[in-house]
$ cat work21.cif   # mmCIF, C-alpha atoms
data_target
#
loop_
_atom_site.label_atom_id
_atom_site.label_comp_id
_atom_site.auth_asym_id
_atom_site.auth_seq_id
_atom_site.Cartn_x
_atom_site.Cartn_y
_atom_site.Cartn_z
CA MET J 177 100.38 99.84 92.96
CA THR J 178 97.83 102.48 91.93
CA ALA J 179 98.20 105.78 90.06
CA LEU J 180 96.73 108.80 91.80
CA SER J 181 93.42 109.66 90.19
CA SER J 182 91.44 112.83 89.72
CA ARG J 183 88.98 113.49 92.55
CA ARG J 184 89.05 113.64 96.32
CA ARG J 185 86.07 111.96 97.97
CA GLY J 186 85.27 110.56 101.36
CA TRP J 187 86.67 112.14 104.50
CA PRO J 188 88.23 115.62 104.20
CA THR J 189 91.78 115.99 105.50
CA HIS J 190 91.05 119.46 106.95
CA PRO J 191 88.42 120.69 109.40
CA PRO J 192 85.01 121.11 107.77
CA ALA J 193 85.08 124.83 108.66
CA GLY J 194 87.45 125.47 105.74
CA ASN J 195 90.09 128.20 105.50
CA GLY J 196 88.44 131.57 104.93
CA LEU J 197 91.67 133.59 104.93
CA ALA J 198 93.21 131.45 102.17
CA ASP J 199 90.05 131.87 100.08
CA VAL J 200 90.17 135.67 100.50
CA VAL J 201 93.87 135.81 99.57
CA ALA J 202 93.28 133.66 96.48
CA LEU J 203 90.34 135.87 95.43
CA LEU J 204 92.38 139.07 95.86
CA ALA J 205 95.31 137.53 94.00
CA THR J 206 93.06 136.59 91.10
CA GLY J 207 91.78 140.16 90.86
CA LEU J 208 95.30 141.60 91.16
CA GLY J 209 96.73 139.34 88.45
CA GLY J 210 93.78 139.98 86.17
CA SER J 211 94.17 143.75 86.57
CA ALA J 212 97.87 143.58 85.71
CA ALA J 213 97.14 141.44 82.65
CA VAL J 214 94.38 143.76 81.41
CA ALA J 215 96.62 146.81 81.88
CA ALA J 216 99.50 145.19 79.98
CA ILE J 217 97.30 144.03 77.10
CA ALA J 218 95.55 147.40 76.87
CA CYS J 219 98.83 149.38 76.82
CA GLY J 220 100.37 147.05 74.26
CA ALA J 221 97.31 147.24 72.01
CA VAL J 222 97.21 151.05 72.20
CA LEU J 223 100.89 151.32 71.28
CA VAL J 224 100.47 148.91 68.37
CA ALA J 225 97.42 150.84 67.11
CA ARG J 226 99.34 154.11 67.38
CA ARG J 227 102.22 152.62 65.41
CA LEU J 228 99.86 151.46 62.67
CA VAL J 229 97.94 154.76 62.46
CA LEU J 230 100.96 157.07 62.83
CA PRO J 231 103.96 155.09 61.55
CA ALA J 232 106.10 158.22 61.26
CA ALA J 233 105.46 159.50 64.80
CA GLU J 234 108.08 157.58 66.73
CA PRO J 235 108.61 158.42 70.41
CA ALA J 236 112.00 159.48 71.66
CA ALA J 237 114.39 156.58 72.19
CA ALA J 238 114.86 157.64 75.81
CA VAL J 239 111.31 156.54 76.68
CA LEU J 240 111.83 152.96 75.46
CA PRO J 241 113.52 151.59 78.63
CA GLY J 242 110.86 153.26 80.78
CA VAL J 243 108.01 151.67 78.83
CA ALA J 244 109.74 148.27 78.93
CA ALA J 245 110.33 148.60 82.69
CA ALA J 246 106.66 149.48 83.28
CA ALA J 247 105.59 146.42 81.27
CA ALA J 248 108.03 144.25 83.23
CA ALA J 249 106.54 145.59 86.48
CA LEU J 250 103.07 144.48 85.35
CA VAL J 251 104.50 141.06 84.49
CA ALA J 252 106.09 140.82 87.95
CA LEU J 253 102.78 141.83 89.57
CA ALA J 254 100.94 139.09 87.66
CA ASP J 255 103.59 136.55 88.73
CA VAL J 256 103.28 137.51 92.40
CA ALA J 257 99.50 137.22 92.16
CA PHE J 258 99.86 133.76 90.58
CA ARG J 259 102.04 132.55 93.45
CA LEU J 260 99.40 133.77 95.91
CA GLY J 261 96.70 131.75 94.17
CA GLY J 262 95.84 133.85 91.11
CA SER J 263 95.38 132.71 87.55
CA TRP J 264 98.31 131.46 85.48
CA ALA J 265 96.58 132.82 82.37
CA ALA J 266 97.10 136.33 83.74
CA THR J 267 100.89 135.86 83.66
CA VAL J 268 100.67 134.79 80.01
CA ALA J 269 98.44 137.75 79.11
CA ALA J 270 100.82 140.20 80.82
CA ARG J 271 103.71 138.84 78.75
CA VAL J 272 101.69 139.15 75.55
CA GLY J 273 101.08 142.81 76.38
CA THR J 274 104.82 143.29 77.01
CA VAL J 275 105.68 141.82 73.62
CA LEU J 276 103.19 144.13 71.90
CA ALA J 277 104.48 147.23 73.69
CA VAL J 278 108.18 146.55 73.06
CA ALA J 279 107.58 145.56 69.43
CA ALA J 280 105.52 148.67 68.76
CA LEU J 281 108.18 151.02 70.13
CA ALA J 282 111.52 149.31 69.54
CA LEU J 283 111.10 147.65 66.13
CA PRO J 284 112.72 148.15 63.74
CA PRO J 285 115.83 148.78 65.94
CA ARG J 286 117.12 152.34 66.05
CA ILE J 287 120.81 152.32 65.30
CA GLY J 288 121.30 155.87 64.01
CA THR J 289 123.22 156.99 67.09
CA TRP J 290 124.72 155.04 69.92
CA PRO J 291 122.29 156.44 72.57
CA ASP J 292 119.38 155.31 70.40
CA ALA J 293 120.95 151.90 69.89
CA VAL J 294 121.62 151.50 73.63
CA ALA J 295 118.06 152.55 74.54
CA THR J 296 116.57 150.14 72.00
CA ALA J 297 118.77 147.25 73.16
CA LEU J 298 117.95 147.98 76.81
CA ALA J 299 114.21 148.01 76.11
CA VAL J 300 114.42 144.73 74.22
CA ALA J 301 116.54 143.17 77.00
CA ILE J 302 114.06 144.22 79.71
CA GLY J 303 111.14 142.86 77.71
CA ALA J 304 112.92 139.61 76.92
CA GLY J 305 113.88 139.13 80.55
CA ALA J 306 110.29 139.64 81.69
CA ILE J 307 109.09 137.05 79.18
CA ALA J 308 111.84 134.49 79.78
CA PHE J 309 111.17 133.87 83.47
CA ALA J 310 107.57 132.73 83.16
CA PRO J 311 106.30 130.53 86.01
CA ARG J 312 105.04 127.08 85.16
CA PRO J 313 101.42 126.20 85.92
CA THR J 314 101.39 124.27 89.19
CA ARG J 315 99.23 121.16 89.32
CA ALA J 316 100.49 119.84 92.62
CA ARG J 317 98.64 122.24 94.85
CA PRO J 318 96.61 120.94 97.78
CA SER J 319 92.90 121.05 97.08
CA ARG J 320 90.83 123.45 99.09
CA PRO J 321 89.33 121.95 102.22
CA ALA J 322 86.17 120.00 101.54
CA ARG J 323 83.10 121.55 103.10
CA ARG J 324 81.28 118.27 103.52
CA PRO J 325 80.96 116.41 106.82
CA PRO J 326 83.28 113.41 107.26
CA ARG J 327 81.93 109.99 106.33
CA PRO J 328 83.33 106.45 106.30
CA PRO J 329 85.32 105.23 103.27
CA GLY J 330 83.04 104.19 100.46
CA GLY J 331 79.98 105.69 102.16
CA ARG J 332 77.91 108.14 100.15
CA GLY J 333 75.14 108.99 102.59
CA ARG J 334 74.99 111.59 105.30
CA ARG J 335 77.03 111.27 108.47
CA PRO J 336 75.22 108.87 110.79
CA ALA J 337 73.51 110.43 113.79
CA GLY J 338 75.73 110.45 116.83
CA VAL J 339 79.03 110.56 114.89
CA GLU J 340 80.99 113.57 116.10
CA ARG J 341 82.51 116.08 113.72
CA LEU J 342 86.31 115.91 113.85
CA PRO J 343 87.80 118.76 115.94
CA GLY J 344 90.90 118.90 113.71
CA ARG J 345 92.53 117.37 110.66
CA LEU J 346 92.08 113.67 110.02
CA ARG J 347 95.33 111.68 110.14
CA GLN J 348 93.96 108.13 110.01
CA ARG J 349 90.86 106.14 110.91
CA PHE J 350 90.30 102.40 110.56
CA THR J 351 87.56 99.86 111.28
CA ARG J 352 88.30 96.24 112.15
CA TYR J 353 85.46 93.87 111.30
CA ASP J 354 84.52 90.36 110.19
CA SER J 355 83.23 90.29 106.60
CA THR J 356 80.02 88.49 105.65
CA ALA J 357 82.22 85.54 104.66
CA GLY J 358 83.77 85.51 108.14
CA VAL J 359 87.13 86.95 107.03
CA ASP J 360 89.04 89.14 109.51
CA SER J 361 89.22 92.50 107.71
CA LEU J 362 90.27 96.11 108.20
CA ARG J 363 89.24 99.16 106.22
CA GLY J 364 89.99 102.87 106.55
CA ARG J 365 92.05 105.87 105.46
CA ILE J 366 95.46 107.29 106.31
CA VAL J 367 96.73 110.74 105.31
CA VAL J 368 100.37 110.66 104.18
CA GLY J 369 102.22 113.98 104.37
CA VAL J 370 104.79 114.84 101.67
CA THR J 371 107.21 117.63 102.55
CA ALA J 372 108.23 120.29 100.03
CA GLY J 373 111.15 119.11 97.90
CA SER J 374 110.46 115.41 98.56
CA LYS J 375 109.38 112.76 96.08
CA THR J 376 108.48 109.99 98.53
CA ALA J 377 106.66 109.68 101.83
CA HIS J 378 105.47 106.83 104.02
CA GLY J 379 102.62 106.14 106.40
CA HIS J 380 102.27 103.29 108.87
CA VAL J 381 99.17 101.41 110.00
CA GLY J 382 99.29 99.12 113.02
CA PHE J 383 97.08 96.04 113.35
CA CYS J 384 95.83 95.40 116.88
CA PRO J 385 95.37 92.60 117.44
CA ALA J 386 97.78 91.24 114.85
CA PHE J 387 96.39 89.04 112.06
CA ALA J 388 96.94 85.31 112.42
CA ALA J 389 99.06 85.34 109.22
CA THR J 390 100.29 87.88 106.72
CA PRO J 391 97.13 89.44 105.23
CA SER J 392 96.51 90.82 101.74
CA ALA J 393 96.37 94.61 101.40
CA GLU J 394 95.05 97.01 98.77
CA VAL J 395 95.76 100.75 98.73
CA SER J 396 94.27 103.45 96.51
CA THR J 397 93.57 107.16 96.44
CA ASP J 398 91.29 109.61 94.66
CA TYR J 399 93.42 112.68 95.34
CA ASP J 400 93.66 115.13 92.43
CA GLY J 401 96.55 117.12 91.04
CA VAL J 402 99.79 115.12 91.22
CA GLU J 403 101.38 112.38 89.16
CA ALA J 404 102.39 109.66 91.58
CA THR J 405 101.79 106.10 92.71
CA VAL J 406 100.74 104.63 96.04
CA ALA J 407 101.68 101.14 97.11
CA ALA J 408 101.62 98.76 100.06
CA ALA J 409 105.40 98.74 100.43
CA GLU J 410 105.48 96.20 103.28
CA VAL J 411 102.75 94.03 104.75
CA LEU J 412 103.23 92.13 108.01
CA PRO J 413 100.76 90.41 110.37
CA TRP J 414 101.08 93.33 112.81
CA GLY J 415 101.20 96.30 110.45
CA LEU J 416 101.40 97.88 107.01
CA ARG J 417 103.71 100.49 105.47
CA VAL J 418 102.13 102.71 102.80
CA GLU J 419 104.42 104.40 100.26
CA VAL J 420 103.58 107.48 98.17
CA ARG J 421 106.01 108.22 95.35
CA LEU J 422 105.69 111.41 93.27
CA ALA J 423 106.83 111.70 89.66
CA GLU J 424 108.42 115.08 90.53
CA ALA J 425 109.52 116.64 93.81
CA ALA J 426 106.67 118.45 95.56
CA GLU J 427 106.81 122.23 95.21
CA GLU J 428 104.97 122.66 98.52
CA PRO J 429 103.77 120.41 101.35
CA LEU J 430 101.05 117.96 100.30
CA GLU J 431 98.66 115.69 102.19
CA ILE J 432 97.67 112.58 100.24
CA PRO J 433 94.65 110.60 101.54
CA VAL J 434 95.13 106.87 100.97
CA ASP J 435 92.34 104.29 101.36
CA VAL J 436 93.43 100.94 102.77
CA VAL J 437 91.65 97.57 102.66
CA VAL J 438 93.24 94.61 104.48
CA ARG J 439 91.90 91.04 104.45
CA GLY J 440 93.15 88.16 106.52
CA ALA J 441 93.57 84.63 105.23
CA GLY J 442 90.15 83.11 104.58
#
$ encode --input "work21.cif" --output "structure tokens"
Amino acid sequence: MTALSSRRRGWPTHPPAGNGLADVVALLATGLGGSAAVAAIACGAVLVARRLVLPAAEPAAAVLPGVAAAAAALVALADVAFRLGGSWAATVAARVGTVLAVAALALPPRIGTWPDAVATALAVAIGAGAIAFAPRPTRARPSRPARRPPRPPGGRGRRPAGVERLPGRLRQRFTRYDSTAGVDSLRGRIVVGVTAGSKTAHGHVGFCPAFAATPSAEVSTDYDGVEATVAAAEVLPWGLRVEVRLAEAAEEPLEIPVDVVVRGAG
């Protein structure tokens, strides 16, 4: 049983051409989230500076909910950008700006008249709501498609001449060979898909022809971004079942590349 480690090497699980549209969306989302964060921080800083320079010049209480709603809109914009591939830091910065703006205008609370008290409470409630529902940073995102040509497991050189580029996504590829010690062996990679909301997934490798006896099997992965284990759940002379178990349910579909080494009885 092996813990998932921190880099993806070897064969890519997507076509080498990559996904240009996803890259463009992620780039635009990063810019959108950053703009919302900068606007929120700038507005909050200006309001704090105004409060410090002109402590007696308080705005009308009626404007407090409007300012809080505008800050909440910037927070929501940063959150949407994050879910499209933007920076999580932008969501934090937008909330910092919201805190500054609400604190500068609504503190200390105005309780002289009930309209002032209601406006102050509403502004604080809007600001608190925008801050409370902060998204968590997501580590279990699929890595962007590798832009390197496919190569055999463990190989570090260029793709041998005559090896065709895969026309689609790699699902599994294995090589059956006799080792230098004369041991019947198999080596390769299988991609195990994990559906959103699931914590476990399985892949199956068939041995043809079957081994003379139950072989030994080792599985490992260098996929980055999730806390999980991979294991050879069942080994038989005619096949192998690979199990991937996540520490937490996947927030979106994942594809985990698993390297497999099988050795027959020597």
$ resolve_selection --input "work21.cif" --expression "the PyMOL selection byres ((chain J and resi 431) around 8)" --output "JSON, numbers by chain"
{"J": [189, 318, 367, 368, 369, 370, 429, 430, 432, 433]}
$ closest_residue --input "work21.cif" --among "J:Val418, J:Ala212, J:Ala408, J:Ala423" --to "Ala252 of chain J" --atoms "only C-alpha atoms"
J:Ala212
$ atom_distance --input "work21.cif" --atom1 "atom CA of Thr397 of chain J" --atom2 "atom CA of Lys375 of chain J"
16.8 Å
$ atom_distance --input "work21.cif" --atom1 "atom CA of Ala377 of chain J" --atom2 "atom CA of Glu424 of chain J"
12.6 Å
$ resolve_selection --input "work21.cif" --expression "the PyMOL selection byres ((chain J and resi 267-278) around 6)" --output "PDB file with C-alpha atoms, in the coordinates of the input"
ATOM      1  CA  ALA J 213      97.140 141.440  82.650  1.00  0.00           C
ATOM      2  CA  ALA J 216      99.500 145.190  79.980  1.00  0.00           C
ATOM      3  CA  ILE J 217      97.300 144.030  77.100  1.00  0.00           C
ATOM      4  CA  GLY J 220     100.370 147.050  74.260  1.00  0.00           C
ATOM      5  CA  LEU J 223     100.890 151.320  71.280  1.00  0.00           C
ATOM      6  CA  ALA J 247     105.590 146.420  81.270  1.00  0.00           C
ATOM      7  CA  VAL J 251     104.500 141.060  84.490  1.00  0.00           C
ATOM      8  CA  ALA J 254     100.940 139.090  87.660  1.00  0.00           C
ATOM      9  CA  ASP J 255     103.590 136.550  88.730  1.00  0.00           C
ATOM     10  CA  TRP J 264      98.310 131.460  85.480  1.00  0.00           C
ATOM     11  CA  ALA J 265      96.580 132.820  82.370  1.00  0.00           C
ATOM     12  CA  ALA J 266      97.100 136.330  83.740  1.00  0.00           C
ATOM     13  CA  ALA J 279     107.580 145.560  69.430  1.00  0.00           C
ATOM     14  CA  ALA J 280     105.520 148.670  68.760  1.00  0.00           C
ATOM     15  CA  LEU J 281     108.180 151.020  70.130  1.00  0.00           C
ATOM     16  CA  ALA J 282     111.520 149.310  69.540  1.00  0.00           C
ATOM     17  CA  ILE J 307     109.090 137.050  79.180  1.00  0.00           C
TER      18      ILE J 307
END
$ residues_around --input "work21.cif" --residues "Pro241 of chain J" --least-positions-apart "6" --cutoff "9 Å" --atoms "all atoms listed in the file" --output "PyMOL selection string"
chain J and resi 295-300+302
$ atom_distance --input "work21.cif" --atom1 "atom CA of Ala310 of chain J" --atom2 "atom CA of Ala221 of chain J"
21.0 Å
$ resolve_selection --input "work21.cif" --expression "the PyMOL selection byres ((chain J and resi 437) around 9)" --output "PDB file with C-alpha atoms, in the frame of the given file"
ATOM      1  CA  SER J 361      89.220  92.500 107.710  1.00  0.00           C
ATOM      2  CA  LEU J 362      90.270  96.110 108.200  1.00  0.00           C
ATOM      3  CA  ARG J 363      89.240  99.160 106.220  1.00  0.00           C
ATOM      4  CA  GLY J 364      89.990 102.870 106.550  1.00  0.00           C
ATOM      5  CA  ARG J 365      92.050 105.870 105.460  1.00  0.00           C
ATOM      6  CA  SER J 392      96.510  90.820 101.740  1.00  0.00           C
ATOM      7  CA  ALA J 393      96.370  94.610 101.400  1.00  0.00           C
ATOM      8  CA  GLU J 394      95.050  97.010  98.770  1.00  0.00           C
ATOM      9  CA  VAL J 395      95.760 100.750  98.730  1.00  0.00           C
ATOM     10  CA  SER J 396      94.270 103.450  96.510  1.00  0.00           C
ATOM     11  CA  ASP J 435      92.340 104.290 101.360  1.00  0.00           C
ATOM     12  CA  VAL J 436      93.430 100.940 102.770  1.00  0.00           C
ATOM     13  CA  VAL J 438      93.240  94.610 104.480  1.00  0.00           C
ATOM     14  CA  ARG J 439      91.900  91.040 104.450  1.00  0.00           C
TER      15      ARG J 439
END
$ closest_residue --input "work21.cif" --among "J:Ala218, J:Val229, J:Leu208, J:Val381" --to "Phe258 of chain J" --atoms "all atoms listed in the file"
J:Leu208
$ closest_residue --input "work21.cif" --among "J:Gly382, J:Thr351, J:Gly210, J:Ala425" --to "Val402 of chain J" --atoms "only C-alpha atoms"
J:Ala425
$ closest_residue --input "work21.cif" --among "J:Val411, J:Val406, J:Cys219, J:Leu240" --to "Phe383 of chain J" --atoms "all atoms listed in the file"
J:Val411
$ closest_residue --input "work21.cif" --among "J:Ala293, J:Ala306, J:Leu203, J:Ala215" --to "Ala245 of chain J" --atoms "all atoms listed in the file"
J:Ala306
$ build_atoms --input "work21.cif" --residues "segment 345-358 of chain J" --atoms "N, CA and C atoms" --output "CSV table (one decimal), in the frame of the given file"
chain,number,residue,atom,x,y,z
J,345,ARG,N,92.3,118.1,111.9
J,345,ARG,CA,92.5,117.4,110.7
J,345,ARG,C,92.6,115.9,110.9
J,346,LEU,N,92.0,115.1,110.0
J,346,LEU,CA,92.1,113.7,110.0
J,346,LEU,C,93.5,113.2,109.6
J,347,ARG,N,94.1,112.3,110.5
J,347,ARG,CA,95.3,111.7,110.1
J,347,ARG,C,95.1,110.2,109.7
J,348,GLN,N,94.3,109.5,110.4
J,348,GLN,CA,94.0,108.1,110.0
J,348,GLN,C,92.8,107.6,110.8
J,349,ARG,N,92.0,106.8,110.2
J,349,ARG,CA,90.9,106.1,110.9
J,349,ARG,C,90.6,104.8,110.2
J,350,PHE,N,90.5,103.7,111.1
J,350,PHE,CA,90.3,102.4,110.6
J,350,PHE,C,89.2,101.7,111.4
J,351,THR,N,88.6,100.7,110.7
J,351,THR,CA,87.6,99.9,111.3
J,351,THR,C,88.0,98.4,111.1
J,352,ARG,N,88.0,97.7,112.2
J,352,ARG,CA,88.3,96.2,112.2
J,352,ARG,C,87.0,95.5,112.2
J,353,TYR,N,86.8,94.5,111.3
J,353,TYR,CA,85.5,93.9,111.3
J,353,TYR,C,85.6,92.5,110.7
J,354,ASP,N,84.6,91.7,110.9
J,354,ASP,CA,84.5,90.4,110.2
J,354,ASP,C,83.6,90.5,109.0
J,355,SER,N,84.1,90.2,107.8
J,355,SER,CA,83.2,90.3,106.6
J,355,SER,C,82.1,89.3,106.7
J,356,THR,N,81.1,89.4,105.7
J,356,THR,CA,80.0,88.5,105.6
J,356,THR,C,80.5,87.1,105.4
J,357,ALA,N,81.7,86.9,104.9
J,357,ALA,CA,82.2,85.5,104.7
J,357,ALA,C,83.0,85.1,105.9
J,358,GLY,N,83.0,85.9,106.9
J,358,GLY,CA,83.8,85.5,108.1
J,358,GLY,C,85.3,85.8,108.1
